Amino acid sequence: MPSRQIVERQPRMLDFRVEYRDRNVDVVLEDSCTVGEIKQILENELQIPVSKMLLKGWKTGDVEDSTVLKSLHLPKNNSLYVLTPDLPPPSSSSHAGALQESLNQNFMLIITHREVQREYNLNFSGSSTIQEVKRNVYDLTSIPVRHQLWEGWPTSATDDSMCLAESGLSYPCHRLTVGRRALPAQTPEQSEEQSTDVHMVSDSDGDDFEDATEFGVDDGEVFSMASSALRKSPMMPENAENEGDALLQFTAEFSSRYGDCHPVFFIGSLEAAFQEAFYVKARDRKLLAIYLHHDESVLTNVFCSQMLCAESIVSYLSQNFITWAWDLTKDTNRARFLTMCNRHFGSVVAQTIRTQKTDQFPLFLIIMGKRSSNEVLNVIQGNTTVDELMMRLMAAMEIFSAQQQEDIKDEDEREARENVKREQDEAYRLSLEADRAKREAHEREMAEQFRLEQIRKEQEEEREAIRLSLEQALPPEPKEENAEPVSKLRIRTPSGEFLERRFLASNKLQIVFDFVASKGFPWDEFKLLSTFPRRDVTQLDPNKSLLEVKLFPQETLFLEAKE
C-alpha cells in the first residue's frame with residue numbers, strides 16, 4: 001500500500017485586544033498557549049499582579065488559567081477586558097484627564113431583572129446618558145422608567161441626564177439590578193408626592209404611560225397599554241407570495257420604526273440578491289449580508305436603533321455589501337427562510353439558525369460567493385457593539401478582498417485567453433470566408449465559362465446547320481464550257497485564303513452570298529467588297545443577276561468583317 005503522508009499542523013496565531021480602564025494592550029499568541037500566559041504578559045504591561053487580575057470577555061464564560069486557547073475555538077481577533085476589584089480606582093485627577101477619552105469608549109452594563117432573574121448584557125457609549133439606559137431597559141423589561149427600582153448606580157450618579165463616562169461606573173463592565181417598584185395603596189395627597197431617590201426610583205417623565213397610575217389605572221393596565229402602544233405593524237406579511245413585496249413592506253416598516261438612516265435593503269428574492277452580489281464580473285462582486293429580524297427578541301430594538309442604523313455601519317454596508325433582510329417572527333416566514341437556507345447554504349447552516357433561541361436574534365449572516373457554493377463567513381448575534389460589529393464586517397471584508405483579488409486575476413487571465421481565442425477564431429473565420437469567396441468566384445467563373453462555351457457550341461452548331469443547309473441548297477457549279485455564259489469569281493478571305501467558284505451569269509447575287517456563308521462567312525457578319533471600282537457588294541440587291549451587278553465574266557472580291 002502507498003505510504004500516507006502526515007502533514008504537521010501549523011500553529012494558529014490569535015490577536016487579543018485587552019482593555020483596562022483607559023488603556024488598550026494588544027497581545028498576539030499561538031493557540032497552543034494558555035490563558036495564564038496572556039495574564040503574565042498583561043502583568044508586565046499593566047503592572048498588575050496576576051493574582052489581582054480578572055480577565056473577562058470570553059465567549060464561553062470564565063476560564064481557568066491553565067485552559068489552552070485552542071480548546072476555546074476562538075476567532076483570529078478577540079476583545080477582552082481586565083477587572084481589578086481588589087485595587088483602588090484611579091485618582092480623581094487621572095479620571096478627569098481621561099474623561100474626554102471615556103466619552104468615546106463603550107461601557108458594558110450587566111443588568112439583572114430581579115423579578116424574572118434574567119440578565120441582559122447591554123453596550124452603551126460613554127456619551128450615553130443614564131436616562132437613555134433606563135429607556136432601553138424599559139424596552140427590554142416593559143417596566144416604565146418611573147416604576148424602575150435600581151441597585152448598583154454609583155453615588156456620584158446624581159442626575160439621569162448625566163453621561164455614563166462621568167457617572168462613576170466601573171469600566172469597562174458594571175453590574176446593575178432593576179426591578180418593579182411596588183405601588184402601595186395611596187391617599188389622594190400621597191398620589192401627588194414624587195419620589196426623590198434618583199438611584200432607586202427614576203424621576204423621568206419621558207414615557208407616555210408613566211403617569212397612568214395618577215389617573216386611576218393599575219399596573220396591569222399600564223403594562224397592557226404600554227405593550228399595545230409598542231406593538232407595531234408586522235415587519236413582513238405572513239405567507240407573502242412575492243419576496244419583493246415582502247421586502248418592500250419590511251423596508252417601509254423598518255424606516256417607520258428606526259428612521260431613514262438604515263442599510264439599503266435589497267428588494268427582491270434571495271436568488272436575485274445572489275445574482276446581484278456574486279454573479280457579476282469579479283471587480284463588481286460584493287459580500288451578501290442577510291439580516292434576520294425577530295420582533296420577540298429583547299435585543300432587536302437596541303440592535304436596530306444603535307448598531308444597524310449607526311452611520312458608520314450604514315456607510316460600510318452600502319459600499320461593500322448587498323444587504324438582504326427577512327423577518328423570522330412568524331412561524332411560516334421562519335419555515336420559508338429555513339427552506340431557502342437549506343437549499344442555498346446546506347443543512348448545517350439551516351440547523352444552526354433553527355437552534356438559535358429567540359433572545360439570540362437578530363442575526364447577521366455574512367455570505368461570500370464561491371465558484372461552486374456560497375460560504376457563510378460569519379454569523380453575528382444581536383448582543384454586540386458597533387465597534388465589534390464593524391470589526392467583524394471588516395474581517396469578513398478582508399477575507400473577501402483576498403478571494404476577490406484571486407478571482408480578478410483568474411478572470412483577467414481567462415478573458416485574455418478568450419480574447420486570443422476570439423481573435424484566432426475571427427482570423428480563421430475570415431480565412432474561411434476568403435477561401436469560400438475565392439472558391440465561389442472560381443465556381444462562378446467556371447460556370448460562366450461553361451455557359452459561354454455552351455452558347456458558343458450552340459451557335460456553332462446552329463451556324464454549321466445553316467452552312468450545311470445553304471451548301472446543300474446551292475445549284476451545281478457549271479463547267480467552264482457551258483452553253484450559258486459563266487462568271488468566274490475569286491474571293492479572298494480575311495485569313496488570306498481564296499475561294500474560287502463558277503456561277504452562271506444569270507444566277508442571282510443571293511447565290512454568291514449563300515456560297516460565301518456556306519464557307520463560314522455569313523453575310524450578316526461579313527462584307528463582300530469589289531476592288532475596281534471599290535464597292536460593297538452586300539449592299540446590292542441580292543435578287544439581281546451577276547450579269548446585272550457586273551460580276552461577269554470574272555471578278556476578284558474580298559471579305560471583310562463588319563464592325
# chains A, B, ... in the order shown; residues from 1 in each chain; ligands from 1
>>> residues_around(residues="Thr332 of chain A", least_positions_apart="3", cutoff="8 Å", atoms="only C-alpha atoms", output="MDAnalysis selection string")
chainID A and resid 238:239 335:336
>>> write_last_selection(atoms="C-alpha atoms", output="short mmCIF file (atom, residue, chain, number, x, y, z; two decimals), in the first residue's frame")
data_model
loop_
_atom_site.label_atom_id
_atom_site.label_comp_id
_atom_site.auth_asym_id
_atom_site.auth_seq_id
_atom_site.Cartn_x
_atom_site.Cartn_y
_atom_site.Cartn_z
CA GLU A 238 -47.32 36.31 6.69
CA ASN A 239 -47.42 33.90 3.71
CA ALA A 335 -40.03 27.95 7.88
CA ARG A 336 -39.84 29.57 4.46
#
>>> closest_atom_pairs(of="segment 286-353 of chain A", to="segment 374-382 of chain A", cutoff="8 Å", atoms="only C-alpha atoms", output="Markdown table")
| residue | atom | partner | partner_atom | distance |
| --- | --- | --- | --- | --- |
| A:Leu299 | CA | A:Gly382 | CA | 6.1 |
| A:Thr300 | CA | A:Gly382 | CA | 7.0 |
| A:Phe303 | CA | A:Gly382 | CA | 5.9 |
| A:His344 | CA | A:Asn374 | CA | 7.1 |
| A:Phe345 | CA | A:Asn374 | CA | 6.3 |
| A:Val349 | CA | A:Val376 | CA | 7.9 |
>>> write_last_selection(atoms="all heavy atoms", output="PDB file, in the first residue's frame")
ATOM      1  N   LEU A 299     -33.350  41.944  22.245  1.00  0.00           N
ATOM      2  CA  LEU A 299     -32.193  42.672  21.720  1.00  0.00           C
ATOM      3  C   LEU A 299     -32.513  43.426  20.435  1.00  0.00           C
ATOM      4  O   LEU A 299     -31.700  44.254  19.993  1.00  0.00           O
ATOM      5  CB  LEU A 299     -31.040  41.698  21.441  1.00  0.00           C
ATOM      6  CG  LEU A 299     -30.503  40.904  22.633  1.00  0.00           C
ATOM      7  CD1 LEU A 299     -29.474  39.898  22.180  1.00  0.00           C
ATOM      8  CD2 LEU A 299     -29.905  41.855  23.666  1.00  0.00           C
ATOM      9  N   THR A 300     -33.660  43.152  19.827  1.00  0.00           N
ATOM     10  CA  THR A 300     -33.929  43.681  18.495  1.00  0.00           C
ATOM     11  C   THR A 300     -33.930  45.195  18.464  1.00  0.00           C
ATOM     12  O   THR A 300     -33.301  45.815  17.597  1.00  0.00           O
ATOM     13  CB  THR A 300     -35.276  43.139  17.976  1.00  0.00           C
ATOM     14  OG1 THR A 300     -35.178  41.723  17.828  1.00  0.00           O
ATOM     15  CG2 THR A 300     -35.633  43.756  16.646  1.00  0.00           C
ATOM     16  N   PHE A 303     -30.400  46.624  18.948  1.00  0.00           N
ATOM     17  CA  PHE A 303     -29.521  46.306  17.813  1.00  0.00           C
ATOM     18  C   PHE A 303     -29.864  47.178  16.604  1.00  0.00           C
ATOM     19  O   PHE A 303     -28.979  47.733  15.950  1.00  0.00           O
ATOM     20  CB  PHE A 303     -29.656  44.829  17.452  1.00  0.00           C
ATOM     21  CG  PHE A 303     -28.766  44.406  16.336  1.00  0.00           C
ATOM     22  CD1 PHE A 303     -27.448  44.038  16.564  1.00  0.00           C
ATOM     23  CD2 PHE A 303     -29.228  44.371  15.027  1.00  0.00           C
ATOM     24  CE1 PHE A 303     -26.620  43.650  15.537  1.00  0.00           C
ATOM     25  CE2 PHE A 303     -28.409  43.984  13.982  1.00  0.00           C
ATOM     26  CZ  PHE A 303     -27.098  43.623  14.238  1.00  0.00           C
ATOM     27  N   HIS A 344     -29.701  26.821  -0.295  1.00  0.00           N
ATOM     28  CA  HIS A 344     -28.563  27.621  -0.757  1.00  0.00           C
ATOM     29  C   HIS A 344     -27.293  27.419   0.067  1.00  0.00           C
ATOM     30  O   HIS A 344     -26.184  27.573  -0.459  1.00  0.00           O
ATOM     31  CB  HIS A 344     -28.926  29.106  -0.746  1.00  0.00           C
ATOM     32  CG  HIS A 344     -30.000  29.474  -1.720  1.00  0.00           C
ATOM     33  ND1 HIS A 344     -29.828  29.370  -3.085  1.00  0.00           N
ATOM     34  CD2 HIS A 344     -31.272  29.924  -1.534  1.00  0.00           C
ATOM     35  CE1 HIS A 344     -30.929  29.766  -3.693  1.00  0.00           C
ATOM     36  NE2 HIS A 344     -31.825  30.092  -2.785  1.00  0.00           N
ATOM     37  N   PHE A 345     -27.434  27.105   1.367  1.00  0.00           N
ATOM     38  CA  PHE A 345     -26.250  27.035   2.229  1.00  0.00           C
ATOM     39  C   PHE A 345     -26.017  25.658   2.826  1.00  0.00           C
ATOM     40  O   PHE A 345     -24.978  25.410   3.440  1.00  0.00           O
ATOM     41  CB  PHE A 345     -26.362  28.056   3.372  1.00  0.00           C
ATOM     42  CG  PHE A 345     -26.685  29.440   2.917  1.00  0.00           C
ATOM     43  CD1 PHE A 345     -27.770  30.124   3.435  1.00  0.00           C
ATOM     44  CD2 PHE A 345     -25.920  30.057   1.948  1.00  0.00           C
ATOM     45  CE1 PHE A 345     -28.083  31.399   3.010  1.00  0.00           C
ATOM     46  CE2 PHE A 345     -26.219  31.340   1.513  1.00  0.00           C
ATOM     47  CZ  PHE A 345     -27.301  32.002   2.043  1.00  0.00           C
ATOM     48  N   VAL A 349     -25.960  24.988   8.111  1.00  0.00           N
ATOM     49  CA  VAL A 349     -26.300  26.389   8.397  1.00  0.00           C
ATOM     50  C   VAL A 349     -27.777  26.498   8.783  1.00  0.00           C
ATOM     51  O   VAL A 349     -28.133  27.219   9.716  1.00  0.00           O
ATOM     52  CB  VAL A 349     -25.984  27.271   7.167  1.00  0.00           C
ATOM     53  CG1 VAL A 349     -26.416  28.710   7.428  1.00  0.00           C
ATOM     54  CG2 VAL A 349     -24.500  27.211   6.841  1.00  0.00           C
TER      55      VAL A 349
END
>>> atom_distance(atom1="atom CA of Trp150 of chain A", atom2="atom CA of Val178 of chain A")
4.6 Å
>>> atom_distance(atom1="atom CA of Ser32 of chain A", atom2="atom CA of Gly61 of chain A")
19.5 Å
>>> residues_around(residues="Glu500 of chain A", least_positions_apart="5", cutoff="7 Å", atoms="only C-alpha atoms", output="tab-separated table (two decimals) with C-alpha atoms, in the first residue's frame")
chain	number	residue	atom	x	y	z
A	489	LEU	CA	-15.44	34.63	-109.03
A	490	ARG	CA	-12.31	34.63	-106.88
A	491	ILE	CA	-12.97	35.61	-103.24
>>> select_by_dssp(residues="segment 43-131 of chain A", states="alpha helix (DSSP H)", output="NGL selection string")
:A and (43-46 or 92-103 or 130-131)
>>> closest_residue(among="A:Glu440, A:Glu115, A:Glu525, A:Glu253", to="Gln148 of chain A", atoms="only C-alpha atoms")
A:Glu115
>>> residues_around(residues="Val18 of chain A", least_positions_apart="4", cutoff="10 Å", atoms="only C-alpha atoms", output="compact mmCIF listing (two decimals) with N, CA, C and O atoms, in the first residue's frame")
# COMPACT_ATOMS: atom_id res chain seq x y z
N ARG A 23 -6.72 52.16 29.07
CA ARG A 23 -5.61 51.61 28.27
C ARG A 23 -6.07 50.42 27.44
O ARG A 23 -6.99 49.70 27.82
N ASN A 24 -5.40 50.24 26.29
CA ASN A 24 -5.60 49.07 25.44
C ASN A 24 -4.25 48.39 25.25
O ASN A 24 -3.25 49.05 24.95
N VAL A 25 -4.23 47.08 25.41
CA VAL A 25 -2.99 46.31 25.23
C VAL A 25 -3.26 45.25 24.16
O VAL A 25 -4.23 44.49 24.26
N ASP A 26 -2.41 45.21 23.12
CA ASP A 26 -2.52 44.21 22.06
C ASP A 26 -1.59 43.04 22.36
O ASP A 26 -0.39 43.23 22.61
N VAL A 27 -2.15 41.82 22.35
CA VAL A 27 -1.39 40.61 22.64
C VAL A 27 -1.57 39.63 21.47
O VAL A 27 -2.69 39.40 21.03
N ILE A 38 -1.35 34.78 28.80
CA ILE A 38 -1.85 36.13 28.48
C ILE A 38 -1.75 37.01 29.72
O ILE A 38 -1.33 38.17 29.66
N LEU A 42 0.17 40.60 30.42
CA LEU A 42 -0.53 41.77 30.93
C LEU A 42 0.07 42.26 32.24
O LEU A 42 0.06 43.47 32.53
N LEU A 55 -9.58 38.35 34.09
CA LEU A 55 -9.60 38.52 32.64
C LEU A 55 -10.97 38.09 32.12
O LEU A 55 -11.35 36.92 32.20
N LYS A 56 -11.75 39.05 31.64
CA LYS A 56 -13.13 38.80 31.24
C LYS A 56 -13.30 39.00 29.73
O LYS A 56 -12.44 39.53 29.05
N GLY A 57 -14.50 38.58 29.27
CA GLY A 57 -14.85 38.78 27.86
C GLY A 57 -14.83 37.52 27.03
O GLY A 57 -15.06 37.57 25.82
N ASN A 78 -9.89 38.98 18.90
CA ASN A 78 -10.67 38.84 20.12
C ASN A 78 -10.54 40.10 20.97
O ASN A 78 -9.48 40.77 20.96
N SER A 79 -11.61 40.41 21.69
CA SER A 79 -11.60 41.56 22.61
C SER A 79 -11.85 41.07 24.03
O SER A 79 -12.83 40.36 24.28
N LEU A 80 -10.98 41.45 24.96
CA LEU A 80 -11.10 41.08 26.38
C LEU A 80 -10.98 42.33 27.22
O LEU A 80 -10.59 43.40 26.72
N TYR A 81 -11.31 42.21 28.51
CA TYR A 81 -11.11 43.34 29.41
C TYR A 81 -10.68 42.80 30.78
O TYR A 81 -10.95 41.66 31.14
N VAL A 82 -9.98 43.66 31.50
CA VAL A 82 -9.42 43.30 32.80
C VAL A 82 -10.19 44.03 33.90
O VAL A 82 -10.44 45.24 33.79
>>> closest_residue(among="A:Lys59, A:Lys70, A:Arg535, A:Asp284", to="Pro11 of chain A", atoms="only C-alpha atoms")
A:Lys70
>>> residues_around(residues="Ala282 of chain A", least_positions_apart="2", cutoff="12 Å", atoms="only C-alpha atoms", output="compact mmCIF listing (two decimals) with C-alpha atoms, in the first residue's frame")
# COMPACT_ATOMS: atom_id res chain seq x y z
CA GLU A 276 -26.56 40.99 -7.78
CA ALA A 277 -23.74 40.17 -5.35
CA PHE A 278 -21.95 37.17 -6.84
CA TYR A 279 -22.80 36.53 -10.49
CA VAL A 280 -21.21 39.63 -11.98
CA ASP A 284 -18.08 44.30 -9.21
CA ARG A 285 -18.79 41.50 -6.72
CA LYS A 286 -19.77 42.20 -3.13
CA LEU A 287 -20.40 40.30 0.06
CA GLY A 369 -19.96 33.64 -3.15
CA LYS A 370 -17.57 30.98 -4.40
CA ARG A 371 -17.25 29.12 -7.67
CA PHE A 400 -13.43 38.56 0.68
CA SER A 401 -10.89 41.04 -0.73
CA ALA A 402 -8.18 38.36 -0.82
CA GLN A 403 -10.55 35.98 -2.63
CA GLN A 404 -11.71 38.78 -4.94
CA GLN A 405 -8.14 39.58 -6.00
CA GLU A 406 -7.62 35.92 -6.91
CA ASP A 407 -10.91 35.90 -8.82
CA ILE A 408 -9.97 39.11 -10.66
CA LYS A 409 -6.62 37.62 -11.63
CA ASP A 410 -8.28 34.39 -12.80
CA GLU A 411 -10.95 36.33 -14.67
CA ASP A 412 -8.38 38.59 -16.37
CA ARG A 414 -9.47 33.81 -18.65
CA GLU A 415 -10.58 36.90 -20.58
>>> atom_distance(atom1="atom CA of Asp139 of chain A", atom2="atom CA of Phe124 of chain A")
14.9 Å
>>> residues_around(residues="Asp387 of chain A", least_positions_apart="5", cutoff="12 Å", atoms="only C-alpha atoms", output="number ranges by chain")
A: 79, 104-107, 123-125, 306-308, 310, 312-313, 392-394
>>> select_by_dssp(residues="segment 315-464 of chain A", states="strand (DSSP E)", output="MDAnalysis selection string")
chainID A and resid 321:327 363:369 374:381
>>> residues_around(residues="Glu548 of chain A", least_positions_apart="2", cutoff="12 Å", atoms="only C-alpha atoms", output="NGL selection string")
:A and (487 or 505-509 or 540-546 or 550-553)
>>> decode(residues="segment 421-459 of chain A", atoms="N, CA and C atoms", output="compact mmCIF listing (two decimals), in the first residue's frame")
# COMPACT_ATOMS: atom_id res chain seq x y z
N LYS A 421 -8.39 33.55 -28.16
CA LYS A 421 -9.16 32.55 -28.89
C LYS A 421 -10.15 33.21 -29.85
N ARG A 422 -10.79 34.31 -29.37
CA ARG A 422 -11.71 35.02 -30.26
C ARG A 422 -11.00 35.58 -31.48
N GLU A 423 -9.79 36.15 -31.24
CA GLU A 423 -9.03 36.69 -32.37
C GLU A 423 -8.64 35.57 -33.34
N GLN A 424 -8.21 34.43 -32.77
CA GLN A 424 -7.86 33.30 -33.63
C GLN A 424 -9.09 32.79 -34.39
N ASP A 425 -10.22 32.70 -33.68
CA ASP A 425 -11.45 32.24 -34.33
C ASP A 425 -11.88 33.22 -35.42
N GLU A 426 -11.72 34.54 -35.13
CA GLU A 426 -12.11 35.54 -36.12
C GLU A 426 -11.20 35.47 -37.35
N ALA A 427 -9.88 35.30 -37.09
CA ALA A 427 -8.95 35.17 -38.21
C ALA A 427 -9.27 33.92 -39.03
N TYR A 428 -9.59 32.84 -38.32
CA TYR A 428 -9.92 31.60 -39.02
C TYR A 428 -11.22 31.77 -39.81
N ARG A 429 -12.20 32.46 -39.19
CA ARG A 429 -13.46 32.70 -39.89
C ARG A 429 -13.25 33.53 -41.15
N LEU A 430 -12.44 34.60 -41.00
CA LEU A 430 -12.16 35.44 -42.17
C LEU A 430 -11.44 34.66 -43.25
N SER A 431 -10.50 33.78 -42.80
CA SER A 431 -9.78 32.95 -43.77
C SER A 431 -10.74 32.02 -44.50
N LEU A 432 -11.67 31.40 -43.72
CA LEU A 432 -12.66 30.53 -44.35
C LEU A 432 -13.54 31.30 -45.32
N GLU A 433 -13.93 32.52 -44.90
CA GLU A 433 -14.77 33.32 -45.78
C GLU A 433 -14.03 33.70 -47.06
N ALA A 434 -12.73 34.07 -46.91
CA ALA A 434 -11.94 34.41 -48.09
C ALA A 434 -11.81 33.20 -49.02
N ASP A 435 -11.52 32.02 -48.41
CA ASP A 435 -11.42 30.81 -49.23
C ASP A 435 -12.75 30.49 -49.90
N ARG A 436 -13.83 30.66 -49.13
CA ARG A 436 -15.15 30.38 -49.71
C ARG A 436 -15.47 31.35 -50.83
N ALA A 437 -15.14 32.66 -50.60
CA ALA A 437 -15.40 33.66 -51.64
C ALA A 437 -14.57 33.36 -52.89
N LYS A 438 -13.29 32.95 -52.68
CA LYS A 438 -12.44 32.62 -53.82
C LYS A 438 -12.99 31.40 -54.56
N ARG A 439 -13.41 30.42 -53.75
CA ARG A 439 -13.95 29.22 -54.36
C ARG A 439 -15.25 29.52 -55.13
N GLU A 440 -16.11 30.34 -54.51
CA GLU A 440 -17.36 30.68 -55.18
C GLU A 440 -17.11 31.49 -56.44
N ALA A 441 -16.11 32.42 -56.36
CA ALA A 441 -15.77 33.21 -57.56
C ALA A 441 -15.27 32.29 -58.68
N HIS A 442 -14.42 31.31 -58.28
CA HIS A 442 -13.90 30.36 -59.28
C HIS A 442 -15.04 29.53 -59.86
N GLU A 443 -15.95 29.12 -58.97
CA GLU A 443 -17.07 28.32 -59.45
C GLU A 443 -17.96 29.14 -60.38
N ARG A 444 -18.16 30.44 -60.02
CA ARG A 444 -18.96 31.30 -60.90
C ARG A 444 -18.26 31.48 -62.25
N GLU A 445 -16.93 31.68 -62.17
CA GLU A 445 -16.17 31.84 -63.42
C GLU A 445 -16.27 30.60 -64.29
N MET A 446 -16.10 29.43 -63.64
CA MET A 446 -16.21 28.18 -64.40
C MET A 446 -17.61 28.00 -64.97
N ALA A 447 -18.61 28.36 -64.16
CA ALA A 447 -19.98 28.22 -64.65
C ALA A 447 -20.23 29.16 -65.82
N GLU A 448 -19.68 30.39 -65.71
CA GLU A 448 -19.84 31.34 -66.81
C GLU A 448 -19.13 30.85 -68.07
N GLN A 449 -17.91 30.32 -67.85
CA GLN A 449 -17.19 29.78 -69.00
C GLN A 449 -17.97 28.63 -69.64
N PHE A 450 -18.52 27.79 -68.79
CA PHE A 450 -19.29 26.66 -69.31
C PHE A 450 -20.51 27.16 -70.08
N ARG A 451 -21.16 28.21 -69.45
CA ARG A 451 -22.34 28.75 -70.13
C ARG A 451 -21.98 29.34 -71.48
N LEU A 452 -20.89 30.11 -71.50
CA LEU A 452 -20.46 30.72 -72.77
C LEU A 452 -20.05 29.65 -73.78
N GLU A 453 -19.38 28.63 -73.24
CA GLU A 453 -18.97 27.54 -74.14
C GLU A 453 -20.20 26.85 -74.73
N GLN A 454 -21.20 26.68 -73.90
CA GLN A 454 -22.42 26.07 -74.38
C GLN A 454 -23.07 26.94 -75.45
N ILE A 455 -23.10 28.25 -75.17
CA ILE A 455 -23.69 29.18 -76.15
C ILE A 455 -22.89 29.14 -77.45
N ARG A 456 -21.54 29.13 -77.24
CA ARG A 456 -20.69 29.10 -78.44
C ARG A 456 -20.94 27.83 -79.25
N LYS A 457 -21.02 26.71 -78.52
CA LYS A 457 -21.26 25.44 -79.22
C LYS A 457 -22.62 25.46 -79.94
N GLU A 458 -23.63 25.99 -79.21
CA GLU A 458 -24.95 26.05 -79.83
C GLU A 458 -24.93 26.95 -81.06
N GLN A 459 -24.20 28.09 -80.90
CA GLN A 459 -24.11 28.98 -82.06
C GLN A 459 -23.36 28.32 -83.22
